[in-house]
file run_17.txt (compact mmCIF, C-alpha atoms)
# COMPACT_ATOMS: atom_id res chain seq x y z
CA MET A 4 -47.16 61.94 64.97
CA SER A 5 -46.90 62.65 61.26
CA ASP A 6 -49.76 65.18 61.43
CA ASP A 7 -48.39 67.19 64.36
CA ARG A 8 -47.01 70.61 63.57
CA ILE A 9 -44.53 72.16 65.95
CA PHE A 10 -43.14 75.67 66.18
CA ILE A 11 -39.36 75.82 66.43
CA ARG A 12 -36.67 78.46 66.60
CA LEU A 13 -33.08 77.72 65.79
CA ILE A 14 -30.05 79.44 64.33
CA VAL A 15 -28.98 78.38 60.86
CA ASN A 16 -25.69 79.76 59.55
CA GLY A 17 -25.82 82.52 62.15
CA GLU A 18 -29.34 83.65 61.31
CA SER A 19 -32.32 83.14 63.55
CA VAL A 20 -35.02 81.03 61.93
CA ALA A 21 -38.55 80.40 63.22
CA ARG A 22 -40.98 78.03 61.49
CA GLU A 23 -43.99 75.89 62.20
CA ILE A 24 -43.13 72.53 60.70
CA PRO A 25 -44.37 68.93 60.67
CA ALA A 26 -42.89 66.89 63.56
CA ARG A 27 -41.83 64.26 61.02
CA LEU A 28 -39.76 66.73 58.96
CA ASN A 29 -36.15 65.66 58.68
CA LEU A 30 -33.38 68.23 59.06
CA VAL A 31 -32.26 67.73 55.46
CA ASP A 32 -35.77 68.40 54.15
CA PHE A 33 -36.03 71.39 56.46
CA LEU A 34 -32.79 72.88 55.14
CA ARG A 35 -33.53 72.14 51.50
CA ASP A 36 -37.26 72.72 51.21
CA GLU A 37 -38.01 75.26 53.94
CA LEU A 38 -34.80 77.29 53.78
CA GLY A 39 -33.62 76.64 50.21
CA LEU A 40 -30.20 75.48 51.39
CA THR A 41 -29.61 72.75 48.84
CA GLY A 42 -25.90 72.21 49.50
CA THR A 43 -26.82 69.55 52.07
CA ARG A 44 -27.70 66.43 50.09
CA TRP A 45 -30.11 63.58 50.50
CA SER A 46 -28.52 60.34 49.46
CA CYS A 47 -28.44 57.07 51.42
CA GLU A 48 -30.95 58.28 54.04
CA HIS A 49 -29.53 55.97 56.70
CA GLY A 50 -26.37 57.60 57.96
CA VAL A 51 -23.83 55.73 55.88
CA CYS A 52 -22.78 58.03 53.04
CA GLY A 53 -22.10 61.40 54.72
CA ALA A 54 -23.60 63.53 51.92
CA CYS A 55 -25.96 65.19 54.44
CA THR A 56 -23.21 66.15 56.91
CA VAL A 57 -23.84 69.39 58.83
CA LEU A 58 -22.61 70.90 62.08
CA ILE A 59 -24.99 70.94 65.04
CA ASN A 60 -23.67 73.13 67.86
CA GLY A 61 -20.27 72.90 66.20
CA GLU A 62 -20.18 69.10 66.01
CA LEU A 63 -20.38 66.92 62.92
CA ALA A 64 -23.78 65.28 62.50
CA ARG A 65 -25.79 63.39 59.92
CA GLY A 66 -28.60 65.67 58.79
CA CYS A 67 -30.61 62.65 57.65
CA LEU A 68 -30.72 61.18 61.18
CA VAL A 69 -32.15 64.22 62.96
CA PHE A 70 -35.64 65.65 62.98
CA ALA A 71 -35.74 69.42 62.66
CA VAL A 72 -38.01 69.73 65.72
CA GLN A 73 -35.22 68.28 67.86
CA LEU A 74 -33.09 71.34 67.23
CA GLU A 75 -34.93 74.02 69.21
CA GLY A 76 -32.32 76.62 70.16
CA CYS A 77 -29.48 74.84 68.38
CA HIS A 78 -26.88 76.28 66.03
CA VAL A 79 -26.86 74.52 62.68
CA GLU A 80 -24.16 75.24 60.11
CA THR A 81 -24.22 74.06 56.52
CA ILE A 82 -21.87 74.28 53.57
CA GLU A 83 -23.52 77.58 52.56
CA GLY A 84 -22.70 79.31 55.85
CA LEU A 85 -19.25 77.83 56.15
CA SER A 86 -18.43 78.86 52.57
CA ARG A 87 -19.65 82.40 53.19
CA SER A 88 -17.63 82.79 56.39
CA GLY A 89 -14.47 81.59 54.66
CA VAL A 90 -13.53 78.92 57.21
CA LEU A 91 -13.41 76.31 54.44
CA ALA A 92 -11.77 78.56 51.83
CA ASP A 93 -8.34 76.87 51.96
CA LEU A 94 -9.85 73.39 51.75
CA GLN A 95 -12.14 74.43 48.92
CA ALA A 96 -9.27 75.94 46.90
CA VAL A 97 -7.07 72.87 47.28
CA PHE A 98 -9.95 70.45 46.60
CA GLN A 99 -10.56 72.30 43.34
CA ARG A 100 -6.89 72.49 42.32
CA ARG A 101 -6.22 68.81 43.07
CA ASN A 102 -9.38 67.52 41.38
CA ALA A 103 -10.74 66.30 44.70
CA VAL A 104 -14.11 67.51 43.39
CA GLN A 105 -15.63 65.85 40.37
CA CYS A 106 -19.42 65.66 40.34
CA GLY A 107 -19.53 67.60 43.61
CA PHE A 108 -22.30 65.59 45.24
CA CYS A 109 -20.19 64.47 48.22
CA SER A 110 -18.12 67.64 48.46
CA ALA A 111 -20.14 69.53 51.06
CA GLY A 112 -20.01 66.62 53.50
CA MET A 113 -16.42 65.86 52.62
CA LEU A 114 -15.32 69.45 53.31
CA LEU A 115 -17.16 69.64 56.63
CA SER A 116 -15.73 66.30 57.78
CA ALA A 117 -12.21 67.23 56.67
CA ASP A 118 -12.39 70.55 58.50
CA ALA A 119 -13.63 68.85 61.68
CA LEU A 120 -10.66 66.47 61.50
CA LEU A 121 -8.17 69.28 61.05
CA ARG A 122 -9.60 71.19 63.99
CA GLU A 123 -8.99 68.16 66.25
CA ASN A 124 -5.81 66.81 64.76
CA HIS A 125 -3.36 69.32 63.32
CA ALA A 126 -1.04 66.75 61.76
CA PRO A 127 -3.10 63.73 60.72
CA SER A 128 -1.37 60.85 58.95
CA ARG A 129 -2.80 59.68 55.63
CA ALA A 130 -4.22 56.65 57.46
CA GLU A 131 -5.95 58.94 59.97
CA ILE A 132 -7.38 61.07 57.15
CA ARG A 133 -8.74 57.97 55.44
CA GLU A 134 -10.14 56.64 58.68
CA HIS A 135 -11.88 59.91 59.47
CA LEU A 136 -13.32 60.27 55.97
CA SER A 137 -14.48 56.63 55.90
CA GLY A 138 -17.94 57.94 56.76
CA ASN A 139 -18.10 60.04 53.59
CA TYR A 140 -18.59 58.25 50.31
CA CYS A 141 -17.23 59.59 47.03
CA ARG A 142 -18.16 57.68 43.89
CA CYS A 143 -15.94 59.69 41.51
CA THR A 144 -12.45 60.39 42.75
CA GLY A 145 -11.27 57.13 44.24
CA TYR A 146 -10.37 59.19 47.33
CA HIS A 147 -6.65 59.67 46.56
CA ALA A 148 -7.07 63.27 45.46
CA ILE A 149 -9.24 63.99 48.50
CA VAL A 150 -6.65 62.56 50.90
CA ASP A 151 -3.93 64.52 49.06
CA ALA A 152 -5.93 67.72 49.41
CA VAL A 153 -6.62 67.26 53.13
CA ALA A 154 -2.96 66.42 53.80
CA GLU A 155 -1.85 69.52 51.90
CA VAL A 156 -4.21 71.78 53.83
CA ALA A 157 -3.16 70.21 57.15
CA ALA A 158 0.47 71.05 56.36
CA ALA A 159 -0.41 74.56 55.17
CA ARG A 160 -2.50 75.30 58.28
CA ALA A 161 0.35 74.04 60.50
CA VAL A 162 2.78 76.47 58.82
CA LYS A 163 0.26 79.28 59.25
CA VAL A 164 -0.15 78.51 62.97
CA LYS A 165 3.64 78.55 63.41
CA ALA A 166 3.98 81.89 61.62
CA THR A 167 1.40 83.66 63.79
CA MET B 21 -45.43 59.08 79.10
CA LEU B 22 -44.05 55.94 77.46
CA ASP B 23 -46.57 53.93 79.44
CA ARG B 24 -49.42 56.22 78.38
CA GLU B 25 -48.52 56.13 74.71
CA GLY B 26 -48.43 52.34 74.79
CA GLU B 27 -46.65 49.94 72.52
CA GLY B 28 -46.97 52.21 69.49
CA ALA B 29 -44.40 54.58 70.97
CA ARG B 30 -40.63 54.50 70.63
CA LEU B 31 -37.98 56.34 72.58
CA LEU B 32 -35.70 58.54 70.52
CA ALA B 33 -32.20 58.94 71.96
CA GLY B 34 -29.31 59.53 69.54
CA GLY B 35 -31.43 58.28 66.67
CA GLN B 36 -28.48 56.78 64.83
CA SER B 37 -30.17 53.37 64.49
CA LEU B 38 -33.83 54.26 64.99
CA VAL B 39 -34.00 57.08 62.42
CA PRO B 40 -32.50 54.96 59.60
CA ALA B 41 -35.25 52.41 60.32
CA LEU B 42 -37.84 55.20 60.19
CA ASN B 43 -36.38 56.67 57.00
CA MET B 44 -36.57 53.29 55.32
CA ARG B 45 -40.10 52.76 56.62
CA LEU B 46 -39.02 49.58 58.39
CA LEU B 47 -40.63 51.03 61.52
CA SER B 48 -43.55 53.41 61.77
CA PRO B 49 -44.27 54.04 65.44
CA ALA B 50 -47.40 56.03 66.26
CA SER B 51 -45.30 58.39 68.36
CA LEU B 52 -41.70 59.19 69.17
CA ILE B 53 -40.62 60.39 72.58
CA ASP B 54 -37.41 62.41 72.42
CA ILE B 55 -35.51 61.74 75.67
CA ASN B 56 -32.47 63.89 74.84
CA GLY B 57 -33.48 66.58 77.34
CA VAL B 58 -33.77 64.20 80.34
CA ALA B 59 -30.93 65.25 82.65
CA GLU B 60 -31.15 62.10 84.80
CA LEU B 61 -30.01 60.02 81.84
CA THR B 62 -26.68 61.84 81.53
CA GLY B 63 -23.45 61.84 83.49
CA ILE B 64 -20.28 59.86 84.09
CA ALA B 65 -19.43 59.29 87.77
CA GLU B 66 -17.52 56.85 89.94
CA ARG B 67 -18.70 55.84 93.41
CA ASP B 68 -17.66 52.97 95.66
CA GLY B 69 -15.81 51.12 92.95
CA VAL B 70 -18.59 51.40 90.38
CA LEU B 71 -18.54 53.57 87.28
CA ARG B 72 -22.02 54.82 86.46
CA LEU B 73 -22.72 55.99 82.92
CA GLY B 74 -25.99 57.67 82.04
CA ALA B 75 -27.84 56.06 79.14
CA LEU B 76 -27.52 59.26 77.08
CA THR B 77 -23.70 59.24 77.23
CA ARG B 78 -22.60 59.77 73.62
CA HIS B 79 -20.09 57.48 71.94
CA ALA B 80 -17.76 60.47 71.46
CA ALA B 81 -17.75 60.97 75.25
CA LEU B 82 -16.97 57.27 75.79
CA ALA B 83 -13.91 57.77 73.61
CA SER B 84 -12.72 61.02 75.19
CA SER B 85 -13.63 60.77 78.89
CA PRO B 86 -10.54 60.44 81.12
CA GLU B 87 -12.62 58.62 83.78
CA ILE B 88 -13.68 55.95 81.31
CA ALA B 89 -10.12 55.57 79.99
CA ARG B 90 -8.90 55.02 83.56
CA LEU B 91 -11.76 52.99 85.07
CA ALA B 92 -13.20 51.06 82.13
CA PRO B 93 -10.49 51.14 79.44
CA LEU B 94 -12.20 48.45 77.38
CA VAL B 95 -15.04 50.88 76.63
CA ALA B 96 -12.61 53.65 75.68
CA GLN B 97 -10.82 51.24 73.34
CA ALA B 98 -14.09 50.14 71.74
CA ALA B 99 -15.62 53.58 71.16
CA PRO B 100 -13.50 54.62 68.14
CA PHE B 101 -14.67 51.47 66.33
CA ILE B 102 -18.31 52.60 66.47
CA ALA B 103 -19.32 53.88 63.04
CA HIS B 104 -17.95 57.33 62.13
CA ALA B 105 -17.23 60.62 63.90
CA ALA B 106 -20.57 62.20 62.97
CA ILE B 107 -22.46 59.16 64.29
CA ARG B 108 -20.40 59.04 67.49
CA ASN B 109 -21.29 62.65 68.25
CA ARG B 110 -24.97 61.78 68.56
CA GLY B 111 -25.28 58.03 69.13
CA THR B 112 -25.74 56.98 72.75
CA LEU B 113 -24.60 54.18 75.02
CA GLY B 114 -28.12 53.35 76.17
CA GLY B 115 -29.47 53.48 72.64
CA SER B 116 -26.87 51.05 71.38
CA LEU B 117 -27.48 48.63 74.25
CA ALA B 118 -31.28 48.78 73.95
CA HIS B 119 -31.03 48.38 70.16
CA ALA B 120 -29.02 45.18 70.78
CA ASP B 121 -27.46 44.78 67.37
CA PRO B 122 -25.47 41.54 67.60
CA ALA B 123 -22.61 43.13 65.63
CA ALA B 124 -22.41 46.19 67.90
CA GLU B 125 -19.40 46.91 70.10
CA LEU B 126 -20.95 48.11 73.36
CA PRO B 127 -23.16 45.11 74.20
CA ALA B 128 -20.05 42.90 74.05
CA CYS B 129 -18.10 45.32 76.26
CA ALA B 130 -20.95 45.40 78.79
CA VAL B 131 -20.97 41.61 79.05
CA ALA B 132 -17.16 41.37 79.22
CA LEU B 133 -17.08 43.94 82.04
CA ASP B 134 -19.96 42.29 83.92
CA ALA B 135 -21.94 45.53 83.76
CA GLU B 136 -25.33 45.93 85.37
CA PHE B 137 -28.14 47.98 83.85
CA GLU B 138 -30.67 50.10 85.68
CA VAL B 139 -34.07 49.93 84.06
CA ALA B 140 -37.08 52.08 84.93
CA GLY B 141 -40.76 51.55 84.18
CA ALA B 142 -44.13 52.70 85.44
CA HIS B 143 -43.92 50.13 88.26
CA GLY B 144 -40.51 51.14 89.55
CA ARG B 145 -36.91 50.28 88.90
CA ARG B 146 -35.01 47.06 88.53
CA ARG B 147 -31.47 46.00 87.79
CA VAL B 148 -30.37 43.45 85.26
CA LYS B 149 -26.97 41.98 84.46
CA ALA B 150 -25.68 42.67 80.95
CA ARG B 151 -25.40 38.96 80.22
CA ASP B 152 -29.12 38.47 81.01
CA PHE B 153 -30.20 41.62 79.16
CA PHE B 154 -29.48 40.52 75.60
CA THR B 155 -31.86 37.81 74.45
CA GLY B 156 -31.58 37.74 70.66
CA ILE B 157 -31.13 39.74 67.50
CA TYR B 158 -32.34 43.27 68.38
CA GLN B 159 -34.01 41.71 71.41
CA THR B 160 -33.55 42.49 75.09
CA ASN B 161 -35.42 41.77 78.27
CA LEU B 162 -36.75 45.35 78.40
CA ALA B 163 -40.51 45.10 78.82
CA PRO B 164 -42.88 47.46 76.98
CA GLY B 165 -42.89 50.79 78.81
CA GLU B 166 -39.41 50.33 80.27
CA ILE B 167 -36.37 52.49 79.68
CA LEU B 168 -32.68 51.85 80.22
CA VAL B 169 -31.52 54.55 82.63
CA ALA B 170 -27.87 53.86 83.38
CA VAL B 171 -25.06 51.37 83.03
CA GLU B 172 -22.96 50.47 86.05
CA ILE B 173 -19.55 48.94 85.48
CA PRO B 174 -17.37 47.54 88.26
CA VAL B 175 -14.16 49.55 88.14
CA SER B 176 -11.35 47.52 86.59
CA PRO B 177 -8.56 46.89 89.12
CA PRO B 178 -5.18 48.25 88.04
CA ALA B 179 -3.84 44.75 87.28
CA ARG B 180 -6.70 44.09 84.88
CA ARG B 181 -5.93 44.52 81.21
CA SER B 182 -8.35 44.74 78.36
CA VAL B 183 -8.10 44.30 74.64
CA PHE B 184 -10.72 45.26 72.08
CA LEU B 185 -10.34 44.06 68.51
CA GLU B 186 -12.64 44.14 65.53
CA LEU B 187 -12.41 43.09 61.90
CA ALA B 188 -14.47 44.92 59.31
CA ARG B 189 -13.96 45.37 55.59
CA ARG B 190 -13.82 49.12 56.06
CA GLN B 191 -13.38 51.38 59.08
CA GLY B 192 -16.77 52.11 60.60
CA ASP B 193 -18.61 49.20 59.00
CA TYR B 194 -20.30 46.52 61.05
CA ALA B 195 -17.88 43.99 62.45
CA LEU B 196 -17.42 40.69 60.64
CA CYS B 197 -16.08 39.48 63.96
CA GLY B 198 -14.97 41.25 67.13
CA LEU B 199 -13.54 40.35 70.50
CA ALA B 200 -13.70 42.08 73.90
CA LEU B 201 -11.19 40.45 76.23
CA ALA B 202 -10.46 41.36 79.84
CA ALA B 203 -8.01 39.57 82.09
CA GLU B 204 -5.70 40.08 85.00
CA ILE B 205 -2.01 39.47 84.61
CA ARG B 206 -0.58 38.16 87.88
CA ASP B 207 3.12 37.30 87.95
CA GLY B 208 3.10 37.19 84.20
CA VAL B 209 0.22 34.74 83.86
CA ILE B 210 -3.42 35.29 82.91
CA ALA B 211 -6.08 35.11 85.60
CA ASP B 212 -9.83 35.54 85.62
CA ALA B 213 -10.10 36.04 81.87
CA ARG B 214 -13.38 36.93 80.16
CA ALA B 215 -13.76 36.73 76.41
CA VAL B 216 -16.85 37.98 74.58
CA TYR B 217 -17.22 37.79 70.81
CA PHE B 218 -19.61 39.89 68.74
CA GLY B 219 -20.78 39.78 65.16
CA VAL B 220 -20.82 35.98 65.36
CA GLY B 221 -24.19 35.16 66.90
CA SER B 222 -27.62 36.51 67.76
CA LYS B 223 -26.19 38.41 70.75
CA PRO B 224 -22.80 38.90 72.44
CA VAL B 225 -21.24 35.45 72.79
CA GLU B 226 -19.33 34.80 75.99
CA THR B 227 -16.80 32.03 75.41
CA ALA B 228 -16.32 30.82 78.97
CA ASN B 229 -14.33 27.66 78.19
CA THR B 230 -11.91 29.63 76.04
CA ALA B 231 -11.41 32.11 78.87
CA LEU B 232 -10.88 29.28 81.37
CA ALA B 233 -8.27 27.72 79.10
CA LEU B 234 -6.37 31.02 79.10
CA ASP B 235 -6.17 31.21 82.91
CA GLY B 236 -2.73 30.27 84.17
CA LYS B 237 -1.08 30.73 80.76
CA ARG B 238 1.44 33.34 79.71
CA PRO B 239 0.03 35.64 76.99
CA GLY B 240 3.28 35.29 75.03
CA ASP B 241 2.77 31.53 74.69
CA GLY B 242 -0.19 32.00 72.33
CA PRO B 243 -3.65 30.44 72.47
CA GLY B 244 -2.71 26.74 72.79
CA ALA B 245 -5.61 24.89 74.46
CA ALA B 246 -7.76 28.01 74.27
CA ALA B 247 -7.80 27.71 70.46
CA ASN B 248 -9.25 24.21 70.79
CA ALA B 249 -11.77 25.37 73.37
CA LEU B 250 -12.84 28.19 71.05
CA GLU B 251 -13.17 25.81 68.12
CA ALA B 252 -15.35 23.54 70.27
CA GLU B 253 -17.63 26.14 71.85
CA LEU B 254 -18.10 28.90 69.27
CA GLU B 255 -20.80 28.17 66.72
CA PRO B 256 -20.75 31.29 64.55
CA LEU B 257 -23.81 32.34 62.61
CA GLY B 258 -22.89 33.22 59.05
CA ASP B 259 -24.36 36.26 57.37
CA PHE B 260 -24.15 37.87 53.94
CA ASN B 261 -20.75 39.38 54.76
CA ALA B 262 -19.03 36.24 55.96
CA ASP B 263 -20.06 32.60 56.32
CA ALA B 264 -19.78 30.64 59.56
CA ALA B 265 -16.43 29.08 58.65
CA MET B 266 -14.89 32.45 57.90
CA LYS B 267 -16.20 33.92 61.16
CA GLY B 268 -14.79 30.94 63.07
CA HIS B 269 -11.42 31.54 61.43
CA LEU B 270 -11.53 35.27 62.23
CA ALA B 271 -12.38 34.50 65.85
CA GLN B 272 -9.15 32.45 66.10
CA VAL B 273 -7.18 35.25 64.46
CA LEU B 274 -8.54 37.75 66.99
CA LEU B 275 -7.76 35.46 69.92
CA ARG B 276 -4.15 35.21 68.77
CA ARG B 277 -3.87 38.96 68.24
CA ALA B 278 -5.50 39.71 71.59
CA LEU B 279 -2.92 37.60 73.41
CA GLY B 280 -0.21 39.45 71.55
CA ARG B 281 -1.66 42.73 72.79
CA LEU B 282 -1.90 41.41 76.37
CA ASP B 283 1.72 40.34 76.13
CA ALA B 284 2.79 43.79 74.95
CA ALA B 285 0.71 45.62 77.57

call {"tool": "encode", "arguments": {"input": "run_17.txt", "output": "structure tokens"}}
result
Amino acid sequence: MSDDRIFIRLIVNGESVAREIPARLNLVDFLRDELGLTGTRWSCEHGVCGACTVLINGELARGCLVFAVQLEGCHVETIEGLSRSGVLADLQAVFQRRNAVQCGFCSAGMLLSADALLRENHAPSRAEIREHLSGNYCRCTGYHAIVDAVAEVAAARAVKVKAT
Amino acid sequence: MLDREGEGARLLAGGQSLVPALNMRLLSPASLIDINGVAELTGIAERDGVLRLGALTRHAALASSPEIARLAPLVAQAAPFIAHAAIRNRGTLGGSLAHADPAAELPACAVALDAEFEVAGAHGRRRVKARDFFTGIYQTNLAPGEILVAVEIPVSPPARRSVFLELARRQGDYALCGLALAAEIRDGVIADARAVYFGVGSKPVETANTALALDGKRPGDGPGAAANALEAELEPLGDFNADAAMKGHLAQVLLRRALGRLDAA
């Protein structure tokens, strides 16, 4: 299997991508090495830490637990695309202001997970925020600042929804 | 195809347990067969009092499906305990059952609900009861070349209540000890109880004497004789997270809490 090369087409951050790649190539390696999108991190490599979190067809997924060849025709979104489109801009600003980013290694996954939570649950409790982010490890902040930031953005987005 | 590739091949469903093993080089199968595109393995449907779930049903769907919440509420209660949101979006029911991790939620639910599995191989199809399917740590009675196709769960009658509880050090971690309990409440007393523990043995552990001791009791009266039965019949296997004595203690705690939940329901 490791020697097979397979041609795939998929859409990454809104752009069509076509490549012939090894069947064994993991999505994280594909994003980083083939496409130069290094915001998605390799860390635990077994689905525990959340540093490789991406969206596949709009749903949260672990990049480290998917082979790129499985994603024929899929939409993949990474921190680069979601930063460019501005959907994470409020979260990113508050993460920065509240020191919810220190070394930054976990931040891409943390932001994607937080945004997915806020799309499903417009008024999460602190316990629900912690529970949802339990699949994303941060070794710097101790999590309090991250929970504060997500709670602040949840409240701000709720006000914005009311006003429109 | 699985038959042709032989024992060097593995089926790839959600990949949330298999791919970690591949990444860590614990497994190196000669080939992987991605079954995610097989339509026959999907779907949630009720017919003649049986809820049929395709093996590729994702954990997220188990948690959100109104049919499952109505017809097999134990499964809907268990689903949010499985790992984390990103894992639940891809991980599958069939994958979890075939992986047979003794600390996993769904094998215990399948045994507690008396589910039956449909298995297909090159020589046809067969059915196997959940309680006969799990044979040991990561071991099932699936033969080489066989695939789990669907899970069939007898629809819970309206009087049947279920409680799913799990203790872990952190949300999403493997259970130190968990309990899937289903019972009818008739005129305020428990009937036909089934109690299955997980995270305490080499496979889901059905504690039949404990369940029998609950029958005829009021949930509000607490475990009573059932606590003694549990003490006598459960022989927990310790692991590096908790020793056998601690798991035995946690099993008693969960029994007490489960009765409290039954009482409140």

call {"tool": "atom_distance", "arguments": {"input": "run_17.txt", "atom1": "atom CA of Ala284 of chain B", "atom2": "atom CA of Glu204 of chain B"}}
result
13.7 Å

call {"tool": "residues_around", "arguments": {"input": "run_17.txt", "residues": "Leu199 of chain B", "least_positions_apart": "3", "cutoff": "12 Å", "atoms": "only C-alpha atoms", "output": "MDAnalysis selection string"}}
result
chainID B and resid 94 97:98 101 123:129 131:132 182:187 195:196 202 214:220 224:227 231 267 270:279

call {"tool": "closest_atom_pairs", "arguments": {"input": "run_17.txt", "of": "chain B", "to": "chain A", "cutoff": "9 Å", "atoms": "all atoms listed in the file", "output": "Markdown table"}}
result
| residue | atom | partner | partner_atom | distance |
| --- | --- | --- | --- | --- |
| B:Gly34 | CA | A:Val69 | CA | 8.6 |
| B:Gly35 | CA | A:Leu68 | CA | 6.2 |
| B:Gln36 | CA | A:Leu68 | CA | 6.1 |
| B:Ser37 | CA | A:His49 | CA | 8.2 |
| B:Leu38 | CA | A:Leu68 | CA | 8.5 |
| B:Val39 | CA | A:Leu68 | CA | 5.4 |
| B:Pro40 | CA | A:His49 | CA | 4.3 |
| B:Ala41 | CA | A:His49 | CA | 7.6 |
| B:Asn43 | CA | A:Glu48 | CA | 6.4 |
| B:Met44 | CA | A:Glu48 | CA | 7.6 |
| B:Pro49 | CA | A:Met4 | CA | 8.4 |
| B:Ala50 | CA | A:Met4 | CA | 6.1 |
| B:Ser51 | CA | A:Met4 | CA | 5.2 |
| B:Leu52 | CA | A:Met4 | CA | 7.4 |
| B:Asp54 | CA | A:Gln73 | CA | 7.7 |
| B:Asn56 | CA | A:Gln73 | CA | 8.7 |
| B:Ala103 | CA | A:Gly138 | CA | 7.6 |
| B:His104 | CA | A:Gly138 | CA | 5.4 |
| B:Ala105 | CA | A:His135 | CA | 7.0 |
| B:Ala106 | CA | A:Ala64 | CA | 4.5 |
| B:Ile107 | CA | A:Ala64 | CA | 6.5 |
| B:Arg108 | CA | A:Ala64 | CA | 8.7 |
| B:Asn109 | CA | A:Ala64 | CA | 6.8 |
| B:Arg110 | CA | A:Ala64 | CA | 7.1 |
| B:Arg190 | CA | A:Ser137 | CA | 7.5 |
| B:Gln191 | CA | A:Glu134 | CA | 6.2 |
| B:Gly192 | CA | A:Ser137 | CA | 6.9 |
| B:Asp193 | CA | A:Val51 | CA | 8.9 |

call {"tool": "residues_around", "arguments": {"input": "run_17.txt", "residues": "segment 138-143 of chain B", "least_positions_apart": "6", "cutoff": "8 Å", "atoms": "only C-alpha atoms", "output": "count of residues only"}}
result
10

call {"tool": "atom_distance", "arguments": {"input": "run_17.txt", "atom1": "atom CA of Pro243 of chain B", "atom2": "atom CA of Ile210 of chain B"}}
result
11.5 Å

call {"tool": "atom_distance", "arguments": {"input": "run_17.txt", "atom1": "atom CA of Ala228 of chain B", "atom2": "atom CA of Arg180 of chain B"}}
result
17.4 Å

call {"tool": "closest_residue", "arguments": {"input": "run_17.txt", "among": "A:Ala111, A:Ala157, A:Ala148, A:Leu40", "to": "Phe98 of chain A", "atoms": "all atoms listed in the file"}}
result
A:Ala148

call {"tool": "residues_around", "arguments": {"input": "run_17.txt", "residues": "segment 74-76 of chain B", "least_positions_apart": "2", "cutoff": "6 Å", "atoms": "all atoms listed in the file", "output": "compact mmCIF listing (two decimals) with C-alpha atoms, keeping the file's coordinate frame"}}
result
# COMPACT_ATOMS: atom_id res chain seq x y z
CA LEU B 61 -30.01 60.02 81.84
CA THR B 62 -26.68 61.84 81.53
CA GLY B 63 -23.45 61.84 83.49
CA THR B 112 -25.74 56.98 72.75
CA LEU B 113 -24.60 54.18 75.02
CA GLY B 114 -28.12 53.35 76.17
CA VAL B 169 -31.52 54.55 82.63
CA ALA B 170 -27.87 53.86 83.38

call {"tool": "closest_residue", "arguments": {"input": "run_17.txt", "among": "A:Asp118, A:Asp32, A:Glu75, A:Asp93", "to": "Lys163 of chain A", "atoms": "all atoms listed in the file"}}
result
A:Asp93

call {"tool": "closest_residue", "arguments": {"input": "run_17.txt", "among": "B:Ala188, B:Ala80, B:Ile157, B:Ala233", "to": "Pro122 of chain B", "atoms": "all atoms listed in the file"}}
result
B:Ile157

call {"tool": "closest_residue", "arguments": {"input": "run_17.txt", "among": "B:Pro100, B:Thr77, B:Ser48, B:Arg206", "to": "Glu60 of chain B", "atoms": "only C-alpha atoms"}}
result
B:Thr77

call {"tool": "axis_aligned_box", "arguments": {"input": "run_17.txt", "around": "segment 55-66 of chain B", "padding_each_side": "6 Å", "output": "lines of an AutoDock Vina configuration file"}}
result
center_x = -26.5
center_y = 61.7
center_z = 82.4
size_x = 30.0
size_y = 21.7
size_z = 27.1

call {"tool": "residues_around", "arguments": {"input": "run_17.txt", "residues": "Arg22 of chain A", "least_positions_apart": "4", "cutoff": "7 Å", "atoms": "all atoms listed in the file", "output": "compact mmCIF listing (two decimals) with C-alpha atoms, in the frame of the given file"}}
result
# COMPACT_ATOMS: atom_id res chain seq x y z
CA PHE A 10 -43.14 75.67 66.18
CA ILE A 11 -39.36 75.82 66.43
CA ARG A 12 -36.67 78.46 66.60

call {"tool": "residues_around", "arguments": {"input": "run_17.txt", "residues": "Leu91 of chain A", "least_positions_apart": "5", "cutoff": "10 Å", "atoms": "all atoms listed in the file", "output": "list in words"}}
result
Ile82, Gly84, Leu85, Ser86, Ala96, Leu114, Leu115, Ala117 and Asp118 of chain A

call {"tool": "write_last_selection", "arguments": {"input": "run_17.txt", "atoms": "C-alpha atoms", "output": "compact mmCIF listing (two decimals), keeping the file's coordinate frame"}}
result
# COMPACT_ATOMS: atom_id res chain seq x y z
CA ILE A 82 -21.87 74.28 53.57
CA GLY A 84 -22.70 79.31 55.85
CA LEU A 85 -19.25 77.83 56.15
CA SER A 86 -18.43 78.86 52.57
CA ALA A 96 -9.27 75.94 46.90
CA LEU A 114 -15.32 69.45 53.31
CA LEU A 115 -17.16 69.64 56.63
CA ALA A 117 -12.21 67.23 56.67
CA ASP A 118 -12.39 70.55 58.50

call {"tool": "closest_residue", "arguments": {"input": "run_17.txt", "among": "A:Ala166, A:Arg8, A:Ile149, A:Arg44", "to": "Arg101 of chain A", "atoms": "only C-alpha atoms"}}
result
A:Ile149

call {"tool": "closest_residue", "arguments": {"input": "run_17.txt", "among": "A:Val31, A:Ser19, A:Ile24, A:Gly112", "to": "Asp6 of chain A", "atoms": "only C-alpha atoms"}}
result
A:Ile24
